[in-house]
file run33.txt (compact mmCIF, C-alpha atoms)
# COMPACT_ATOMS: atom_id res chain seq x y z
CA MET A 1 119.99 17.87 -35.27
CA SER A 2 123.25 19.71 -35.30
CA ASN A 3 123.48 22.22 -38.14
CA THR A 4 120.30 24.09 -37.43
CA ILE A 5 119.29 27.43 -36.05
CA HIS A 6 119.83 26.68 -32.36
CA ASP A 7 123.59 26.68 -33.04
CA MET A 8 123.78 30.44 -33.33
CA GLY A 9 127.19 31.48 -31.99
CA GLY A 10 128.63 34.08 -34.36
CA MET A 11 125.52 34.61 -36.48
CA HIS A 12 124.61 38.11 -37.62
CA GLY A 13 121.34 39.91 -38.08
CA PHE A 14 119.36 39.31 -34.89
CA GLY A 15 119.57 42.86 -33.59
CA PRO A 16 120.97 44.26 -30.36
CA VAL A 17 120.88 42.66 -26.92
CA GLU A 18 118.02 44.34 -25.07
CA GLU A 19 117.69 44.26 -21.30
CA GLU A 20 114.22 44.48 -19.77
CA PRO A 21 114.08 46.66 -16.65
CA ASN A 22 112.56 45.02 -13.57
CA GLU A 23 112.01 41.76 -15.39
CA PRO A 24 109.82 39.30 -13.48
CA VAL A 25 110.84 35.64 -13.11
CA PHE A 26 107.88 34.66 -15.33
CA HIS A 27 105.97 37.07 -17.54
CA THR A 28 102.76 35.06 -17.61
CA SER A 29 101.35 32.19 -15.63
CA TRP A 30 101.53 29.87 -18.65
CA GLU A 31 105.31 30.39 -18.78
CA SER A 32 105.58 29.24 -15.19
CA ARG A 33 103.40 26.16 -15.88
CA VAL A 34 105.53 25.19 -18.89
CA TYR A 35 108.70 25.53 -16.86
CA ALA A 36 107.30 23.57 -13.93
CA MET A 37 105.94 20.78 -16.14
CA ASN A 38 109.35 20.33 -17.70
CA ARG A 39 110.98 20.23 -14.25
CA ALA A 40 108.39 17.80 -12.86
CA MET A 41 108.67 15.45 -15.84
CA GLY A 42 112.47 15.20 -15.64
CA PRO A 43 112.62 12.95 -12.55
CA LEU A 44 110.22 10.47 -14.19
CA ARG A 45 113.23 9.54 -16.35
CA LEU A 46 111.11 9.09 -19.44
CA TRP A 47 113.79 11.01 -21.36
CA THR A 48 117.10 12.78 -20.75
CA ILE A 49 117.97 16.45 -20.73
CA ASP A 50 119.74 15.99 -24.06
CA GLU A 51 116.66 14.42 -25.59
CA GLY A 52 114.79 17.49 -24.39
CA ARG A 53 117.28 19.75 -26.15
CA ALA A 54 117.12 17.63 -29.29
CA ALA A 55 113.31 17.98 -29.33
CA GLN A 56 113.63 21.76 -29.52
CA GLU A 57 116.40 21.55 -32.12
CA ALA A 58 114.08 19.45 -34.28
CA LEU A 59 111.64 22.36 -34.57
CA HIS A 60 111.56 24.01 -37.98
CA PRO A 61 114.04 26.91 -37.91
CA ALA A 62 111.26 29.42 -38.66
CA VAL A 63 109.25 28.10 -35.72
CA TYR A 64 112.31 28.07 -33.46
CA ALA A 65 113.17 31.66 -34.36
CA GLY A 66 109.57 32.87 -34.16
CA ALA A 67 108.72 31.26 -30.84
CA SER A 68 109.51 32.74 -27.46
CA TYR A 69 111.72 30.83 -25.06
CA TYR A 70 108.92 29.17 -23.13
CA GLN A 71 106.92 28.54 -26.30
CA ARG A 72 109.88 26.45 -27.47
CA TRP A 73 109.81 24.60 -24.16
CA LEU A 74 106.11 23.96 -24.69
CA LEU A 75 106.58 22.70 -28.23
CA GLY A 76 109.48 20.49 -27.15
CA LEU A 77 107.47 19.02 -24.27
CA GLU A 78 104.43 18.40 -26.47
CA ALA A 79 106.64 16.66 -29.02
CA ARG A 80 108.21 14.35 -26.43
CA ALA A 81 104.90 13.56 -24.77
CA LEU A 82 103.51 12.56 -28.17
CA GLN A 83 106.61 10.63 -29.24
CA HIS A 84 106.66 8.66 -26.02
CA GLY A 85 102.96 7.94 -26.29
CA LEU A 86 102.08 9.68 -23.03
CA VAL A 87 99.35 11.68 -24.75
CA THR A 88 97.61 11.65 -28.10
CA LYS A 89 96.96 14.52 -30.48
CA GLU A 90 93.25 14.08 -29.88
CA GLU A 91 93.74 14.43 -26.14
CA LEU A 92 95.71 17.65 -26.56
CA ALA A 93 93.06 18.99 -28.92
CA GLU A 94 90.25 18.08 -26.52
CA GLY A 95 92.12 19.10 -23.39
CA LYS A 96 91.24 15.89 -21.55
CA ALA A 97 92.41 12.32 -21.18
CA LEU A 98 90.64 10.00 -23.63
CA VAL A 99 92.83 6.89 -23.54
CA ALA A 100 93.44 4.70 -20.49
CA ASN A 101 97.10 4.39 -19.55
CA ASP A 102 99.39 2.62 -17.13
CA ARG A 103 100.32 4.98 -14.35
CA PRO A 104 103.98 6.03 -14.33
CA ASN A 105 106.14 4.41 -11.66
CA ARG A 106 106.72 7.73 -9.97
CA ILE A 107 105.43 11.25 -10.01
CA PHE A 108 106.97 14.50 -8.84
CA LYS A 109 105.15 15.44 -5.62
CA PRO A 110 104.90 18.81 -3.87
CA GLU A 111 107.35 17.70 -1.18
CA ASP A 112 109.92 16.79 -3.85
CA ALA A 113 110.20 20.47 -4.72
CA ALA A 114 112.05 21.04 -1.44
CA ASN A 115 115.10 19.70 -3.24
CA LEU A 116 115.49 20.99 -6.79
CA THR A 117 119.24 20.44 -6.99
CA ARG A 118 120.66 19.07 -10.20
CA GLY A 119 121.72 15.50 -10.57
CA SER A 120 125.29 14.56 -11.44
CA PHE A 121 126.35 13.84 -15.00
CA ASP A 122 129.57 12.17 -13.85
CA ARG A 123 129.90 8.55 -14.91
CA ASP A 124 132.58 5.89 -14.53
CA PRO A 125 135.19 6.41 -17.24
CA GLN A 126 135.69 3.85 -19.96
CA GLY A 127 139.41 4.65 -20.04
CA GLU A 128 142.07 7.17 -19.05
CA ALA A 129 141.70 10.76 -20.15
CA ILE A 130 143.77 11.26 -23.32
CA PHE A 131 144.41 14.97 -22.80
CA LYS A 132 145.66 17.11 -19.93
CA PRO A 133 145.76 20.85 -19.29
CA GLY A 134 148.18 22.60 -21.64
CA ASP A 135 147.74 20.12 -24.49
CA GLN A 136 147.23 21.58 -27.95
CA VAL A 137 144.24 20.06 -29.68
CA GLN A 138 142.22 20.42 -32.85
CA THR A 139 138.45 20.14 -32.83
CA LEU A 140 137.06 17.79 -35.43
CA ASN A 141 135.19 18.86 -38.52
CA ILE A 142 131.98 16.97 -37.87
CA ASN A 143 128.47 17.61 -39.14
CA PRO A 144 126.32 14.88 -37.65
CA ALA A 145 122.65 14.63 -38.53
CA GLY A 146 121.91 13.90 -34.86
CA HIS A 147 122.40 15.93 -31.68
CA THR A 148 125.85 17.25 -30.80
CA ARG A 149 127.24 19.86 -28.41
CA LEU A 150 130.18 20.91 -30.58
CA PRO A 151 129.09 24.29 -31.97
CA ARG A 152 129.78 25.04 -35.61
CA TYR A 153 131.96 28.07 -34.87
CA ALA A 154 134.37 25.88 -32.90
CA ARG A 155 134.73 22.99 -35.37
CA ASP A 156 138.03 22.27 -37.12
CA LYS A 157 139.85 24.83 -34.94
CA PRO A 158 143.08 24.63 -32.93
CA GLY A 159 142.80 25.31 -29.22
CA GLU A 160 144.31 24.47 -25.85
CA VAL A 161 143.01 22.16 -23.17
CA GLU A 162 142.65 24.25 -20.04
CA ALA A 163 140.93 21.87 -17.63
CA VAL A 164 139.61 18.34 -17.31
CA ARG A 165 136.03 18.48 -16.01
CA GLY A 166 135.39 14.83 -15.33
CA CYS A 167 133.85 12.01 -17.31
CA HIS A 168 130.27 12.82 -18.25
CA VAL A 169 127.26 11.43 -20.07
CA PHE A 170 127.94 11.96 -23.80
CA PRO A 171 125.09 14.01 -25.32
CA ASP A 172 125.82 12.84 -28.87
CA SER A 173 125.06 9.31 -27.73
CA VAL A 174 122.34 9.65 -25.12
CA ALA A 175 120.20 12.09 -27.14
CA ASN A 176 120.18 9.61 -29.97
CA GLY A 177 119.02 6.72 -27.80
CA LYS A 178 122.42 5.03 -27.61
CA GLY A 179 123.06 5.17 -23.89
CA ASP A 180 125.36 7.26 -21.68
CA ASP A 181 128.64 6.28 -23.43
CA PRO A 182 130.59 8.37 -20.83
CA GLN A 183 133.35 10.57 -22.22
CA TRP A 184 135.99 12.83 -20.71
CA LEU A 185 135.00 16.47 -20.76
CA TYR A 186 137.49 19.32 -21.19
CA THR A 187 137.45 23.09 -21.23
CA VAL A 188 139.15 24.01 -24.52
CA VAL A 189 140.06 27.65 -25.13
CA PHE A 190 140.53 29.38 -28.48
CA ASP A 191 141.94 32.76 -29.44
CA GLY A 192 139.29 35.04 -30.87
CA GLN A 193 141.37 35.42 -34.04
CA VAL A 194 141.47 31.66 -34.55
CA LEU A 195 137.68 31.55 -34.56
CA TRP A 196 136.84 34.80 -36.32
CA GLY A 197 139.98 35.82 -38.21
CA PRO A 198 140.65 39.52 -38.70
CA ASP A 199 137.06 40.34 -37.65
CA ALA A 200 137.75 39.20 -34.09
CA GLU A 201 137.77 41.82 -31.38
CA PRO A 202 141.27 42.28 -29.92
CA GLY A 203 142.16 40.49 -26.71
CA THR A 204 139.33 37.99 -26.65
CA LYS A 205 139.33 34.29 -25.86
CA ILE A 206 136.43 31.89 -26.11
CA SER A 207 136.15 28.48 -24.50
CA ILE A 208 133.80 25.58 -25.01
CA GLU A 209 133.22 22.43 -22.98
CA ALA A 210 134.43 19.74 -25.35
CA PHE A 211 133.92 15.98 -25.05
CA GLU A 212 136.95 13.88 -25.89
CA PRO A 213 135.51 12.50 -29.15
CA TYR A 214 135.39 16.09 -30.47
CA LEU A 215 139.17 16.43 -30.18
CA GLU A 216 142.40 15.19 -31.71
CA ALA A 217 145.97 15.92 -30.63
CA LEU A 218 147.89 18.61 -32.47
CA MET B 1 101.17 26.75 -36.03
CA THR B 2 100.03 29.98 -34.48
CA ILE B 3 102.97 30.45 -32.20
CA GLU B 4 103.81 33.84 -33.71
CA ASP B 5 100.42 35.17 -32.67
CA ASP B 6 101.41 34.92 -29.04
CA ARG B 7 104.78 36.55 -29.15
CA GLY B 8 103.47 39.81 -27.78
CA GLN B 9 102.26 37.95 -24.73
CA ASP B 10 105.79 37.21 -23.75
CA HIS B 11 107.01 40.71 -23.91
CA SER B 12 104.03 42.35 -22.31
CA HIS B 13 104.65 43.66 -18.85
CA GLY B 14 102.85 44.95 -15.86
CA ARG B 15 99.27 45.91 -16.17
CA SER B 16 98.93 45.13 -19.86
CA HIS B 17 99.78 41.49 -19.37
CA GLU B 18 97.53 41.13 -16.37
CA HIS B 19 94.75 42.63 -18.41
CA GLY B 20 95.54 40.29 -21.31
CA GLU B 21 95.43 37.25 -19.07
CA MET B 22 92.10 38.17 -17.61
CA SER B 23 90.38 39.24 -20.78
CA GLU B 24 91.15 36.38 -23.12
CA LEU B 25 92.98 33.13 -23.31
CA SER B 26 95.65 33.10 -25.99
CA ASP B 27 96.37 30.11 -28.16
CA THR B 28 99.50 29.39 -26.15
CA GLN B 29 97.66 29.61 -22.83
CA LEU B 30 95.08 27.16 -24.10
CA ARG B 31 97.75 24.75 -25.31
CA VAL B 32 99.56 24.89 -22.00
CA ARG B 33 96.34 24.38 -20.05
CA SER B 34 95.41 21.47 -22.29
CA LEU B 35 98.80 19.79 -21.91
CA GLU B 36 98.81 20.18 -18.13
CA THR B 37 95.26 18.87 -17.83
CA VAL B 38 95.95 15.78 -19.90
CA LEU B 39 99.28 15.04 -18.19
CA ALA B 40 97.65 15.48 -14.77
CA GLU B 41 94.65 13.29 -15.61
CA LYS B 42 96.98 10.56 -16.83
CA GLY B 43 99.14 10.73 -13.72
CA TYR B 44 102.30 12.28 -15.16
CA VAL B 45 102.20 15.59 -13.31
CA ASP B 46 100.71 16.73 -10.02
CA SER B 47 99.48 20.31 -10.43
CA ALA B 48 100.11 21.04 -6.75
CA ALA B 49 103.76 20.10 -7.28
CA LEU B 50 103.94 22.50 -10.22
CA ASP B 51 102.71 25.28 -7.91
CA VAL B 52 105.54 24.53 -5.48
CA ILE B 53 108.18 24.53 -8.25
CA VAL B 54 106.97 27.90 -9.50
CA GLU B 55 106.96 29.32 -5.99
CA ALA B 56 110.50 28.07 -5.38
CA TYR B 57 111.85 29.97 -8.39
CA GLU B 58 109.80 33.07 -7.61
CA THR B 59 111.02 33.20 -4.03
CA ARG B 60 113.96 31.17 -2.76
CA ILE B 61 116.00 30.16 -5.82
CA GLY B 62 117.29 33.41 -7.25
CA PRO B 63 120.33 35.66 -7.53
CA GLN B 64 120.23 36.33 -3.80
CA ASN B 65 121.96 32.96 -3.41
CA GLY B 66 124.78 33.98 -5.73
CA GLN B 67 125.08 37.34 -3.98
CA ARG B 68 125.72 35.59 -0.66
CA VAL B 69 128.28 33.30 -2.27
CA ILE B 70 130.21 36.19 -3.83
CA ALA B 71 130.08 38.25 -0.63
CA ARG B 72 131.47 35.31 1.35
CA ALA B 73 134.27 34.88 -1.20
CA TRP B 74 135.20 38.55 -0.87
CA ALA B 75 135.13 38.43 2.91
CA ASP B 76 136.82 35.07 3.50
CA PRO B 77 140.01 34.15 1.58
CA ASP B 78 139.73 30.48 2.53
CA PHE B 79 136.20 30.33 1.16
CA ARG B 80 137.32 32.14 -1.99
CA ALA B 81 140.00 29.49 -2.54
CA ALA B 82 137.52 26.70 -1.90
CA LEU B 83 135.00 28.27 -4.28
CA LEU B 84 137.54 28.51 -7.09
CA ASP B 85 138.66 24.93 -6.41
CA ASP B 86 135.19 23.31 -6.32
CA ALA B 87 132.27 25.71 -6.36
CA SER B 88 129.60 23.04 -5.80
CA ALA B 89 131.32 21.79 -2.65
CA ALA B 90 132.07 25.28 -1.36
CA VAL B 91 128.52 26.56 -1.83
CA ASN B 92 127.14 23.51 -0.05
CA THR B 93 129.08 24.50 3.09
CA MET B 94 126.99 27.66 3.35
CA GLY B 95 123.99 27.49 5.63
CA ASN B 96 122.12 30.42 4.11
CA VAL B 97 122.16 29.22 0.50
CA SER B 98 120.07 26.33 -0.80
CA ASP B 99 122.12 23.32 -1.88
CA VAL B 100 123.52 23.08 -5.38
CA GLY B 101 124.19 20.00 -7.44
CA SER B 102 127.36 19.00 -9.23
CA HIS B 103 129.46 20.79 -11.82
CA LEU B 104 129.27 24.41 -10.62
CA ILE B 105 132.44 26.32 -11.53
CA ALA B 106 133.42 29.81 -10.36
CA VAL B 107 135.71 31.93 -12.52
CA GLU B 108 137.42 34.96 -11.05
CA ASN B 109 137.65 38.37 -12.65
CA THR B 110 140.99 40.15 -12.35
CA PRO B 111 142.42 43.29 -13.91
CA GLU B 112 144.00 40.95 -16.48
CA GLN B 113 140.95 38.82 -17.34
CA HIS B 114 137.23 39.55 -17.42
CA ASN B 115 134.92 36.53 -17.64
CA MET B 116 131.54 36.37 -19.32
CA ILE B 117 129.11 33.43 -19.54
CA VAL B 118 126.91 32.39 -22.46
CA CYS B 119 125.17 29.32 -23.81
CA THR B 120 125.15 29.60 -27.60
CA LEU B 121 123.36 26.26 -28.13
CA CYS B 122 120.47 26.67 -25.69
CA SER B 123 120.23 28.52 -22.38
CA CYS B 124 122.43 26.74 -19.82
CA TYR B 125 122.70 28.91 -16.72
CA PRO B 126 123.52 28.27 -13.05
CA TRP B 127 119.89 28.16 -11.91
CA GLU B 128 120.74 27.10 -8.38
CA VAL B 129 122.78 30.19 -7.58
CA LEU B 130 121.27 32.76 -9.96
CA GLY B 131 117.69 31.55 -10.45
CA LEU B 132 116.16 31.48 -13.89
CA PRO B 133 117.97 33.52 -16.53
CA PRO B 134 116.71 36.88 -17.74
CA THR B 135 115.18 37.00 -21.20
CA TRP B 136 118.19 38.72 -22.74
CA TYR B 137 120.46 35.84 -21.69
CA LYS B 138 118.21 33.37 -23.52
CA SER B 139 117.72 35.68 -26.51
CA VAL B 140 119.06 35.10 -29.98
CA PRO B 141 121.00 38.41 -30.01
CA TYR B 142 122.99 37.50 -26.89
CA ARG B 143 123.55 33.88 -27.90
CA SER B 144 124.77 34.88 -31.36
CA ARG B 145 126.85 37.91 -30.41
CA ALA B 146 128.55 37.05 -27.12
CA VAL B 147 131.20 34.79 -28.66
CA LEU B 148 131.79 36.99 -31.72
CA GLU B 149 131.87 40.47 -30.22
CA PRO B 150 131.95 40.29 -26.44
CA ARG B 151 133.35 43.80 -26.04
CA ALA B 152 130.50 45.25 -28.09
CA VAL B 153 127.99 43.28 -26.02
CA LEU B 154 129.61 44.48 -22.80
CA SER B 155 129.40 48.09 -23.96
CA LYS B 156 125.65 47.62 -24.53
CA PHE B 157 125.53 46.76 -20.82
CA GLY B 158 127.53 49.86 -20.01
CA VAL B 159 130.76 47.97 -19.33
CA THR B 160 133.90 49.19 -21.08
CA LEU B 161 137.15 47.56 -20.10
CA PRO B 162 140.71 48.52 -21.04
CA GLU B 163 142.24 46.80 -24.06
CA GLU B 164 144.81 45.18 -21.77
CA THR B 165 142.03 43.31 -20.01
CA GLU B 166 141.47 40.08 -21.86
CA ILE B 167 137.84 39.15 -22.34
CA ARG B 168 137.19 35.47 -21.76
CA VAL B 169 133.85 34.08 -22.91
CA TRP B 170 132.75 30.73 -21.49
CA ASP B 171 130.31 28.93 -23.76
CA SER B 172 128.35 26.48 -21.57
CA THR B 173 128.18 23.62 -24.06
CA ALA B 174 127.99 20.81 -21.46
CA GLU B 175 126.54 20.26 -17.97
CA THR B 176 129.17 22.38 -16.26
CA ARG B 177 127.69 25.66 -15.03
CA TYR B 178 129.61 28.88 -14.54
CA ILE B 179 129.34 31.80 -12.13
CA VAL B 180 131.62 34.82 -12.30
CA LEU B 181 133.38 36.04 -9.16
CA PRO B 182 133.51 39.79 -9.80
CA ILE B 183 136.23 42.11 -8.55
CA ARG B 184 135.51 43.41 -5.05
CA PRO B 185 134.81 47.13 -5.26
CA GLU B 186 137.23 49.52 -3.61
CA GLY B 187 136.15 51.32 -0.48
CA THR B 188 134.57 48.26 1.12
CA ASP B 189 137.21 47.41 3.72
CA GLY B 190 135.62 46.05 6.87
CA TRP B 191 132.20 45.61 5.29
CA SER B 192 130.02 42.77 6.51
CA GLU B 193 128.98 39.99 4.12
CA GLU B 194 125.48 41.42 4.12
CA GLN B 195 126.76 44.85 3.09
CA LEU B 196 128.99 43.33 0.42
CA ALA B 197 126.13 41.24 -0.98
CA SER B 198 124.17 44.44 -1.68
CA LEU B 199 126.82 45.41 -4.27
CA VAL B 200 126.62 42.12 -6.19
CA ILE B 201 124.18 42.71 -9.04
CA ARG B 202 123.06 39.68 -11.00
CA ASN B 203 124.78 40.73 -14.20
CA SER B 204 128.11 40.92 -12.37
CA MET B 205 127.83 37.16 -11.78
CA ILE B 206 127.15 36.52 -15.50
CA GLY B 207 129.95 38.87 -16.51
CA THR B 208 127.81 41.42 -18.33
CA GLY B 209 128.14 43.79 -15.41
CA LEU B 210 130.51 44.79 -12.64
CA ALA B 211 129.88 44.82 -8.92
CA GLN B 212 128.54 48.16 -7.84
CA ARG B 213 130.68 50.68 -6.01
CA PRO B 214 129.69 51.87 -2.56
CA GLY B 215 127.01 54.51 -2.89
CA GLU B 216 126.13 53.54 -6.45
CA ALA B 217 122.37 53.23 -6.88
CA LYS B 218 121.34 49.59 -6.92
CA GLY B 219 120.04 48.65 -10.33
CA ASP B 220 117.37 46.07 -10.88
CA SER B 221 119.77 43.56 -12.34
call {"tool": "encode", "arguments": {"input": "run33.txt", "output": "structure tokens"}}
result
Amino acid sequence: MSNTIHDMGGMHGFGPVEEEPNEPVFHTSWESRVYAMNRAMGPLRLWTIDEGRAAQEALHPAVYAGASYYQRWLLGLEARALQHGLVTKEELAEGKALVANDRPNRIFKPEDAANLTRGSFDRDPQGEAIFKPGDQVQTLNINPAGHTRLPRYARDKPGEVEAVRGCHVFPDSVANGKGDDPQWLYTVVFDGQVLWGPDAEPGTKISIEAFEPYLEAL
Amino acid sequence: MTIEDDRGQDHSHGRSHEHGEMSELSDTQLRVRSLETVLAEKGYVDSAALDVIVEAYETRIGPQNGQRVIARAWADPDFRAALLDDASAAVNTMGNVSDVGSHLIAVENTPEQHNMIVCTLCSCYPWEVLGLPPTWYKSVPYRSRAVLEPRAVLSKFGVTLPEETEIRVWDSTAETRYIVLPIRPEGTDGWSEEQLASLVIRNSMIGTGLAQRPGEAKGDS
């Protein structure tokens, strides 16, 4: 979903940024298990990273805001495991496998953890890039019901293309089960005043990574 | 949904959390254990592999990688140029840093422009060079404020920059990942890469901090 609480750039009322001295990598062992399960499930290619994000965005806003970071990861993983039929609600309630299943084609093994580098999101382009650095563009005013990576604060705003970042998997398509649909990706920079008007701090610029379908020429 | 009941668990530190873990299992702990057990029994996860992933992020994949990258960039102008041109490729030429995947981008601080990284939509962060992000980076206050009032956020981190220095916030809304190349502190001429790395605090690579000056006490972040 797009217009929900995860899209929080520019919102007020959440209090100050608080740094925790000597913060450990994980605060509890369950946090580390949730993280590791998410990492180990990724290479099984049962879903994409954008589907994972969409699962968290589908949480009720009160749940999203009330949950800690790794609780959201847990809820998102549970939701996907249920949706994809990997587990049943009864199994999660009982804490044991109750239904026979076909084994997945692959599993993340201990030796696989030697290489935890990210995969590439580059894909063969479907056409030439429309924009180049220096071009003036306007972001679209879109409010899709499905997943998007164009934040609300940067919609319907004029900006400048600063860089072309390659042709990548398009989250708005892949998260909604419609395939990679590769799109050119740009860094688009906005003046603070364009985004926030007279309430902007002086001398600030904000950029987003914008897929070509988010943009039109100015 | 009893997720709220466990919030304290996340913010408990030190002895109190160890005590909490030993004395009772929270609802969240039970859910996590249940999910892992079922996924393992059905062949979707190997618990031994989970142990290795956790160990990797608790030991070898952390900000020490980024510190070495920044120190090399300060010490070697050719590497600095390569890093700014294609950070993924440049980092992968280093023997003492674990490999990184695609789409890493380094942005350089100058007296004219200070860079700061955020992910307003989730928590995108350059794991491979900085490890897992601190809680504040993933928190709602940072995600909501960084794009609206970066100077105010910086001041909360003890960083006040002149008005002439433009603040540039990079919102990581795609699979590109950013690392900040901080300004090399004065008084470090002739320093080895190892000495330089000791000045590179994690926050200086996110842009919510500056590299430390020689003699400045090393903070935890």
call {"tool": "closest_atom_pairs", "arguments": {"input": "run33.txt", "of": "chain B", "to": "chain A", "cutoff": "7 Å", "atoms": "all atoms listed in the file", "output": "JSON lines"}}
result
{"residue": "B:Ile3", "atom": "CA", "partner": "A:Ala67", "partner_atom": "CA", "distance": 6.0}
{"residue": "B:Glu4", "atom": "CA", "partner": "A:Gly66", "partner_atom": "CA", "distance": 5.9}
{"residue": "B:Arg7", "atom": "CA", "partner": "A:Ser68", "partner_atom": "CA", "distance": 6.3}
{"residue": "B:Asp10", "atom": "CA", "partner": "A:His27", "partner_atom": "CA", "distance": 6.2}
{"residue": "B:His13", "atom": "CA", "partner": "A:His27", "partner_atom": "CA", "distance": 6.8}
{"residue": "B:Gln29", "atom": "CA", "partner": "A:Trp30", "partner_atom": "CA", "distance": 5.7}
{"residue": "B:Val32", "atom": "CA", "partner": "A:Trp30", "partner_atom": "CA", "distance": 6.3}
{"residue": "B:Ser34", "atom": "CA", "partner": "A:Gly95", "partner_atom": "CA", "distance": 4.2}
{"residue": "B:Leu35", "atom": "CA", "partner": "A:Leu92", "partner_atom": "CA", "distance": 6.0}
{"residue": "B:Thr37", "atom": "CA", "partner": "A:Lys96", "partner_atom": "CA", "distance": 6.2}
{"residue": "B:Val38", "atom": "CA", "partner": "A:Lys96", "partner_atom": "CA", "distance": 5.0}
{"residue": "B:Glu41", "atom": "CA", "partner": "A:Ala97", "partner_atom": "CA", "distance": 6.1}
{"residue": "B:Lys42", "atom": "CA", "partner": "A:Ala97", "partner_atom": "CA", "distance": 6.6}
{"residue": "B:Gly43", "atom": "CA", "partner": "A:Arg103", "partner_atom": "CA", "distance": 5.9}
{"residue": "B:Tyr44", "atom": "CA", "partner": "A:Ile107", "partner_atom": "CA", "distance": 6.1}
{"residue": "B:Val45", "atom": "CA", "partner": "A:Ile107", "partner_atom": "CA", "distance": 6.3}
{"residue": "B:Asp46", "atom": "CA", "partner": "A:Lys109", "partner_atom": "CA", "distance": 6.4}
{"residue": "B:Ala48", "atom": "CA", "partner": "A:Pro110", "partner_atom": "CA", "distance": 6.0}
{"residue": "B:Ala49", "atom": "CA", "partner": "A:Pro110", "partner_atom": "CA", "distance": 3.8}
{"residue": "B:Leu50", "atom": "CA", "partner": "A:Ala36", "partner_atom": "CA", "distance": 5.1}
{"residue": "B:Val52", "atom": "CA", "partner": "A:Pro110", "partner_atom": "CA", "distance": 6.0}
{"residue": "B:Ile53", "atom": "CA", "partner": "A:Ala113", "partner_atom": "CA", "distance": 5.7}
{"residue": "B:Val54", "atom": "CA", "partner": "A:Ser32", "partner_atom": "CA", "distance": 6.0}
{"residue": "B:Glu58", "atom": "CA", "partner": "A:Val25", "partner_atom": "CA", "distance": 6.2}
{"residue": "B:Asp99", "atom": "CA", "partner": "A:Thr117", "partner_atom": "CA", "distance": 6.5}
{"residue": "B:Val100", "atom": "CA", "partner": "A:Thr117", "partner_atom": "CA", "distance": 5.3}
{"residue": "B:Gly101", "atom": "CA", "partner": "A:Arg118", "partner_atom": "CA", "distance": 4.6}
{"residue": "B:Ser102", "atom": "CA", "partner": "A:Ser120", "partner_atom": "CA", "distance": 5.4}
{"residue": "B:Thr120", "atom": "CA", "partner": "A:Gly9", "partner_atom": "CA", "distance": 5.2}
{"residue": "B:Leu121", "atom": "CA", "partner": "A:Asp7", "partner_atom": "CA", "distance": 4.9}
{"residue": "B:Cys122", "atom": "CA", "partner": "A:His6", "partner_atom": "CA", "distance": 6.7}
{"residue": "B:Glu128", "atom": "CA", "partner": "A:Thr117", "partner_atom": "CA", "distance": 7.0}
{"residue": "B:Leu132", "atom": "CA", "partner": "A:Val25", "partner_atom": "CA", "distance": 6.8}
{"residue": "B:Trp136", "atom": "CA", "partner": "A:Glu19", "partner_atom": "CA", "distance": 5.7}
{"residue": "B:Val140", "atom": "CA", "partner": "A:Phe14", "partner_atom": "CA", "distance": 6.5}
{"residue": "B:Pro141", "atom": "CA", "partner": "A:Phe14", "partner_atom": "CA", "distance": 5.2}
{"residue": "B:Tyr142", "atom": "CA", "partner": "A:Val17", "partner_atom": "CA", "distance": 5.6}
{"residue": "B:Arg143", "atom": "CA", "partner": "A:Gly9", "partner_atom": "CA", "distance": 6.0}
{"residue": "B:Ser144", "atom": "CA", "partner": "A:Gly9", "partner_atom": "CA", "distance": 4.2}
{"residue": "B:Arg145", "atom": "CA", "partner": "A:Gly10", "partner_atom": "CA", "distance": 5.8}
{"residue": "B:Val147", "atom": "CA", "partner": "A:Gly9", "partner_atom": "CA", "distance": 6.2}
{"residue": "B:Leu148", "atom": "CA", "partner": "A:Gly10", "partner_atom": "CA", "distance": 5.0}
{"residue": "B:Glu149", "atom": "CA", "partner": "A:Glu201", "partner_atom": "CA", "distance": 6.2}
{"residue": "B:Glu163", "atom": "CA", "partner": "A:Gly203", "partner_atom": "CA", "distance": 6.8}
{"residue": "B:Glu166", "atom": "CA", "partner": "A:Gly203", "partner_atom": "CA", "distance": 4.9}
{"residue": "B:Ile167", "atom": "CA", "partner": "A:Thr204", "partner_atom": "CA", "distance": 4.7}
{"residue": "B:Arg168", "atom": "CA", "partner": "A:Lys205", "partner_atom": "CA", "distance": 4.8}
{"residue": "B:Val169", "atom": "CA", "partner": "A:Ile206", "partner_atom": "CA", "distance": 4.7}
{"residue": "B:Trp170", "atom": "CA", "partner": "A:Ser207", "partner_atom": "CA", "distance": 5.1}
{"residue": "B:Asp171", "atom": "CA", "partner": "A:Ile208", "partner_atom": "CA", "distance": 5.0}
{"residue": "B:Ser172", "atom": "CA", "partner": "A:Glu209", "partner_atom": "CA", "distance": 6.5}
{"residue": "B:Thr173", "atom": "CA", "partner": "A:Glu209", "partner_atom": "CA", "distance": 5.3}
{"residue": "B:Ala174", "atom": "CA", "partner": "A:Glu209", "partner_atom": "CA", "distance": 5.7}
{"residue": "B:Asp220", "atom": "CA", "partner": "A:Asn22", "partner_atom": "CA", "distance": 5.6}
call {"tool": "atom_distance", "arguments": {"input": "run33.txt", "atom1": "CA of Ala106 (chain B)", "atom2": "CA of Ser173 (chain A)"}}
result
28.1 Å
call {"tool": "atom_distance", "arguments": {"input": "run33.txt", "atom1": "CA of Gly134 (chain A)", "atom2": "CA of Asp86 (chain B)"}}
result
20.1 Å
call {"tool": "residues_around", "arguments": {"input": "run33.txt", "residues": "Ser204 (chain B)", "least_positions_apart": "6", "cutoff": "8 Å", "atoms": "only C-alpha atoms", "output": "list in words"}}
result
Val180, Leu181, Pro182, Leu210 and Ala211 of chain B
